[in-house]
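Printed here is protein.txt (compact mmCIF, C-alpha atoms and all ligand atoms):
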# COMPACT_ATOMS: atom_id res chain seq x y z
CA MET A 1 130.78 -159.41 103.35
CA LYS A 2 131.26 -155.65 103.23
CA PRO A 3 128.32 -153.72 101.71
CA SER A 4 130.54 -152.39 98.92
CA ASN A 5 131.41 -155.95 97.85
CA TYR A 6 127.78 -156.89 98.07
CA TYR A 7 126.70 -154.15 95.63
CA ASN A 8 129.58 -154.99 93.29
CA LYS A 9 128.21 -158.51 93.08
CA ILE A 10 124.58 -157.58 92.47
CA ALA A 11 125.13 -154.52 90.26
CA GLU A 12 124.13 -156.26 87.00
CA SER A 13 120.79 -157.47 88.38
CA TYR A 14 120.12 -154.50 90.67
CA ASP A 15 117.59 -152.65 88.50
CA ARG A 16 115.55 -155.79 87.83
CA THR A 17 114.96 -156.21 91.56
CA ARG A 18 113.69 -152.63 92.19
CA TRP A 19 110.17 -151.24 92.21
CA LEU A 20 111.18 -147.84 90.89
CA THR A 21 110.10 -147.77 87.25
CA ALA A 22 111.11 -144.91 84.96
CA PRO A 23 107.65 -143.22 85.12
CA ILE A 24 107.65 -143.34 88.94
CA ALA A 25 111.23 -142.04 89.06
CA GLU A 26 110.11 -139.15 86.84
CA GLU A 27 107.19 -138.39 89.20
CA VAL A 28 109.47 -138.48 92.25
CA ALA A 29 112.02 -136.23 90.51
CA ASN A 30 109.28 -133.72 89.60
CA PHE A 31 108.12 -133.75 93.22
CA ILE A 32 111.68 -133.01 94.40
CA ILE A 33 112.10 -130.24 91.80
CA ASP A 34 108.91 -128.58 93.11
CA LEU A 35 109.83 -129.20 96.75
CA VAL A 36 113.19 -127.43 96.49
CA SER A 37 111.89 -124.78 94.03
CA ALA A 38 114.71 -125.75 91.70
CA THR A 39 115.94 -123.27 89.13
CA PRO A 40 118.01 -124.27 86.09
CA ASP A 41 121.13 -123.54 88.19
CA THR A 42 120.22 -125.87 91.06
CA SER A 43 122.84 -128.57 91.66
CA PHE A 44 122.15 -132.01 93.13
CA LEU A 45 124.31 -134.57 94.91
CA GLU A 46 123.28 -138.17 95.46
CA PRO A 47 125.68 -140.10 97.69
CA GLY A 48 125.15 -143.81 97.06
CA VAL A 49 123.80 -143.06 93.58
CA GLY A 50 124.08 -146.70 92.53
CA THR A 51 122.79 -147.29 88.99
CA GLY A 52 121.23 -143.84 88.89
CA LEU A 53 117.57 -144.76 89.20
CA ASN A 54 116.71 -141.63 91.22
CA VAL A 55 118.74 -139.03 89.37
CA ILE A 56 118.37 -140.02 85.72
CA PRO A 57 115.25 -137.81 85.35
CA LEU A 58 117.13 -134.88 86.95
CA VAL A 59 120.00 -135.40 84.50
CA LYS A 60 117.54 -135.55 81.60
CA HIS A 61 115.96 -132.28 82.78
CA GLY A 62 119.43 -130.74 82.46
CA TYR A 63 120.26 -130.20 86.14
CA SER A 64 123.82 -130.45 87.33
CA VAL A 65 124.02 -133.81 89.11
CA THR A 66 126.90 -135.41 90.99
CA GLY A 67 126.61 -139.03 92.00
CA ILE A 68 129.08 -140.78 94.24
CA ASP A 69 129.22 -144.45 95.08
CA ILE A 70 131.63 -146.83 96.75
CA SER A 71 130.84 -149.55 94.23
CA PRO A 72 132.61 -149.19 90.87
CA GLU A 73 130.32 -151.84 89.37
CA MET A 74 127.16 -149.90 90.31
CA LEU A 75 128.67 -146.79 88.72
CA ASP A 76 129.59 -148.78 85.59
CA CYS A 77 125.99 -149.97 85.27
CA PHE A 78 124.87 -146.34 85.51
CA ARG A 79 127.34 -145.29 82.79
CA GLN A 80 126.31 -148.17 80.50
CA LYS A 81 122.67 -147.04 80.67
CA LEU A 82 123.56 -143.59 79.41
CA GLY A 83 125.86 -144.62 76.59
CA LYS A 84 127.75 -141.37 76.94
CA VAL A 85 127.90 -139.55 80.28
CA PRO A 86 126.40 -136.09 79.66
CA SER A 87 128.32 -132.99 80.68
CA ASN A 88 125.84 -132.15 83.47
CA LEU A 89 126.53 -135.47 85.25
CA GLN A 90 129.61 -136.20 87.31
CA LEU A 91 130.09 -139.74 88.62
CA ILE A 92 132.69 -140.24 91.31
CA HIS A 93 133.92 -143.42 92.92
CA ALA A 94 134.08 -142.33 96.56
CA ASP A 95 133.04 -143.18 100.10
CA ALA A 96 130.14 -141.10 101.44
CA SER A 97 131.60 -141.33 104.94
CA ARG A 98 134.75 -139.59 103.71
CA LEU A 99 133.44 -136.83 101.51
CA LEU A 100 135.93 -134.52 99.86
CA PHE A 101 133.49 -131.70 99.12
CA GLN A 102 133.45 -128.39 100.96
CA ASP A 103 130.26 -127.43 102.79
CA HIS A 104 127.66 -125.77 100.52
CA SER A 105 129.11 -127.35 97.37
CA PHE A 106 125.62 -128.46 96.31
CA ASP A 107 122.15 -126.96 96.58
CA VAL A 108 120.36 -130.25 97.20
CA VAL A 109 121.58 -133.55 98.64
CA LEU A 110 119.31 -136.55 98.29
CA THR A 111 120.08 -140.02 99.41
CA VAL A 112 117.88 -143.03 98.82
CA HIS A 113 118.38 -146.46 100.38
CA MET A 114 122.01 -145.73 101.18
CA LEU A 115 122.39 -144.96 104.88
CA HIS A 116 121.72 -148.55 105.94
CA ALA A 117 124.40 -149.76 103.52
CA VAL A 118 127.24 -147.62 104.90
CA SER A 119 129.49 -149.66 107.17
CA ASP A 120 131.05 -146.60 108.82
CA TRP A 121 127.76 -144.72 109.18
CA LYS A 122 128.96 -142.83 112.27
CA ALA A 123 131.40 -140.98 110.00
CA LEU A 124 128.59 -139.62 107.80
CA PRO A 125 127.79 -135.90 108.01
CA GLU A 126 125.69 -135.35 111.14
CA LYS A 127 122.84 -133.79 109.15
CA TRP A 128 122.26 -137.04 107.24
CA VAL A 129 121.66 -139.41 110.15
C1 LIG A 201 120.41 -150.00 97.99
S1 LIG A 201 121.62 -149.22 96.93
C2 LIG A 201 120.77 -147.70 96.53
C3 LIG A 201 121.18 -147.15 95.19
C4 LIG A 201 120.35 -145.96 94.73
N1 LIG A 201 120.43 -144.86 95.68
C5 LIG A 201 118.91 -146.38 94.55
O1 LIG A 201 118.03 -145.86 95.27
O2 LIG A 201 118.64 -147.19 93.65
C6 LIG A 201 122.85 -148.65 98.11
C7 LIG A 201 124.02 -147.98 97.39
O3 LIG A 201 124.85 -147.34 98.39
C8 LIG A 201 126.18 -147.57 97.99
N2 LIG A 201 127.05 -147.39 99.18
C9 LIG A 201 127.16 -148.19 100.27
N3 LIG A 201 128.05 -147.69 101.14
C10 LIG A 201 128.51 -146.54 100.58
C11 LIG A 201 129.46 -145.57 101.00
N4 LIG A 201 130.13 -145.68 102.16
N5 LIG A 201 129.70 -144.51 100.18
C12 LIG A 201 129.07 -144.39 99.00
N6 LIG A 201 128.14 -145.30 98.54
C13 LIG A 201 127.88 -146.35 99.33
C14 LIG A 201 126.19 -148.98 97.44
O4 LIG A 201 127.34 -149.26 96.66
C15 LIG A 201 124.89 -148.95 96.62
O5 LIG A 201 125.09 -148.49 95.31
Just give me the structure as structure tokens.
Amino acid sequence: MKPSNYYNKIAESYDRTRWLTAPIAEEVANFIIDLVSATPDTSFLEPGVGTGLNVIPLVKHGYSVTGIDISPEMLDCFRQKLGKVPSNLQLIHADASRLLFQDHSFDVVLTVHMLHAVSDWKALPEKWV
């Protein structure tokens, strides 16, 4: 089974099987904000964003966040959580090993538990692996 199909199948139950609670996600996000000395204009990209566990606090803080994922079902679960996708969040169905963005399109790229799930990992940007 390809990883993308795998995540499509488990999308609905994904959050229930994770350790990252909302308060911990908030702590981690605050750590990242401090680490990168984020300003209100700082933009974030999470390839393999999944159901949004890592970036929801960044979105709530008002940062510009782009999340891409190869699994439409994972992205749908993310959208359902939010009710309405806020204007500072862009969700894109795309393959992280075939990114369409120019270099320097984002200030911060974070990726969590994604690299191992990419079948064509050799095609990922060299800086990530
Ligand atoms: C273990 S989940 C991690 C999700 C999220 N980052 C988290 O920490 O909860 C791995 C995610 O990577 C996505 N993924 C796998 N291969 C990908 C690829 N080539 N491009 C984009 N996303 C991919 C999967 O669909 C899945 O949502």
Exercise. Extract, using all atoms listed in the file, all DNA, RNA and protein residues at most 12 Å from Ile24 (chain A), discarding same-chain residues fewer than 6 positions from it, and format them as a ChimeraX atom specification.
Key: /A:18,30-31,53-57
Quiz item: Using all atoms listed in the file, which residue out of A:Ser37, A:Asp120, A:Gly48, A:Asp15 lies closest to Lys81 (chain A)?
Solution: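 For Lys81 (chain A), the nearest of the given residues is A:Asp15.
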Practice problem: Identify which of the residues A:Asn88, A:Thr66, A:Thr42, A:Ser97 lies closest to Ser119 (chain A), counting all atoms listed in the file when measuring atom-to-atom distances. | Solution: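 For Ser119 (chain A), the nearest of the candidates is A:Ser97.
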Quiz item: With only C-alpha atoms and all ligand atoms as the basis for distance, which of A:Ser105, A:Thr39, A:Ser87, A:Thr111 is at the shortest distance from ligand LIG 201 (chain A)?
Solution: A:Thr111
Neighbours of ligand LIG 201 (chain A) at 9 Å or closer, counting only C-alpha atoms and all ligand atoms: which residues, as an mmCIF file with C-alpha atoms, keeping the file's coordinate frame?
data_model
loop_
_atom_site.group_PDB
_atom_site.id
_atom_site.type_symbol
_atom_site.label_atom_id
_atom_site.label_comp_id
_atom_site.auth_asym_id
_atom_site.auth_seq_id
_atom_site.Cartn_x
_atom_site.Cartn_y
_atom_site.Cartn_z
ATOM 1 C CA LYS A 2 131.260 -155.650 103.230
ATOM 2 C CA PRO A 3 128.320 -153.720 101.710
ATOM 3 C CA SER A 4 130.540 -152.390 98.920
ATOM 4 C CA ASN A 5 131.410 -155.950 97.850
ATOM 5 C CA TYR A 6 127.780 -156.890 98.070
ATOM 6 C CA TYR A 7 126.700 -154.150 95.630
ATOM 7 C CA ASN A 8 129.580 -154.990 93.290
ATOM 8 C CA ALA A 11 125.130 -154.520 90.260
ATOM 9 C CA TYR A 14 120.120 -154.500 90.670
ATOM 10 C CA ASP A 15 117.590 -152.650 88.500
ATOM 11 C CA ARG A 18 113.690 -152.630 92.190
ATOM 12 C CA LEU A 20 111.180 -147.840 90.890
ATOM 13 C CA GLU A 46 123.280 -138.170 95.460
ATOM 14 C CA PRO A 47 125.680 -140.100 97.690
ATOM 15 C CA GLY A 48 125.150 -143.810 97.060
ATOM 16 C CA VAL A 49 123.800 -143.060 93.580
ATOM 17 C CA GLY A 50 124.080 -146.700 92.530
ATOM 18 C CA THR A 51 122.790 -147.290 88.990
ATOM 19 C CA GLY A 52 121.230 -143.840 88.890
ATOM 20 C CA LEU A 53 117.570 -144.760 89.200
ATOM 21 C CA ASN A 54 116.710 -141.630 91.220
ATOM 22 C CA VAL A 55 118.740 -139.030 89.370
ATOM 23 C CA ILE A 68 129.080 -140.780 94.240
ATOM 24 C CA ASP A 69 129.220 -144.450 95.080
ATOM 25 C CA ILE A 70 131.630 -146.830 96.750
ATOM 26 C CA SER A 71 130.840 -149.550 94.230
ATOM 27 C CA PRO A 72 132.610 -149.190 90.870
ATOM 28 C CA GLU A 73 130.320 -151.840 89.370
ATOM 29 C CA MET A 74 127.160 -149.900 90.310
ATOM 30 C CA LEU A 75 128.670 -146.790 88.720
ATOM 31 C CA HIS A 93 133.920 -143.420 92.920
ATOM 32 C CA ALA A 94 134.080 -142.330 96.560
ATOM 33 C CA ASP A 95 133.040 -143.180 100.100
ATOM 34 C CA ALA A 96 130.140 -141.100 101.440
ATOM 35 C CA SER A 97 131.600 -141.330 104.940
ATOM 36 C CA ARG A 98 134.750 -139.590 103.710
ATOM 37 C CA LEU A 99 133.440 -136.830 101.510
ATOM 38 C CA LEU A 110 119.310 -136.550 98.290
ATOM 39 C CA THR A 111 120.080 -140.020 99.410
ATOM 40 C CA VAL A 112 117.880 -143.030 98.820
ATOM 41 C CA HIS A 113 118.380 -146.460 100.380
ATOM 42 C CA MET A 114 122.010 -145.730 101.180
ATOM 43 C CA LEU A 115 122.390 -144.960 104.880
ATOM 44 C CA HIS A 116 121.720 -148.550 105.940
ATOM 45 C CA ALA A 117 124.400 -149.760 103.520
ATOM 46 C CA VAL A 118 127.240 -147.620 104.900
ATOM 47 C CA SER A 119 129.490 -149.660 107.170
ATOM 48 C CA ASP A 120 131.050 -146.600 108.820
ATOM 49 C CA TRP A 121 127.760 -144.720 109.180
ATOM 50 C CA LEU A 124 128.590 -139.620 107.800
#
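Across the model, the gap from CA of Asp41 (chain A) to CA of Asp103 (chain A) is 17.7 Å.
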Quiz item: Out of A:Val108, A:Gln102, A:Ser13, A:Thr21, which residue has the shortest atom-to-atom distance to Tyr63 (chain A) when counting only C-alpha atoms?
Solution: A:Val108
Quiz item: Suppose you want the space between CA of Ala123 (chain A) and CA of Val109 (chain A); what is it in Å?
Solution: 16.8 Å
Quiz prompt | Point-to-point distance in Å for CA of Ala38 (chain A) and CA of His104 (chain A) | solution =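 Distance reported for this atom pair: 15.7 Å.
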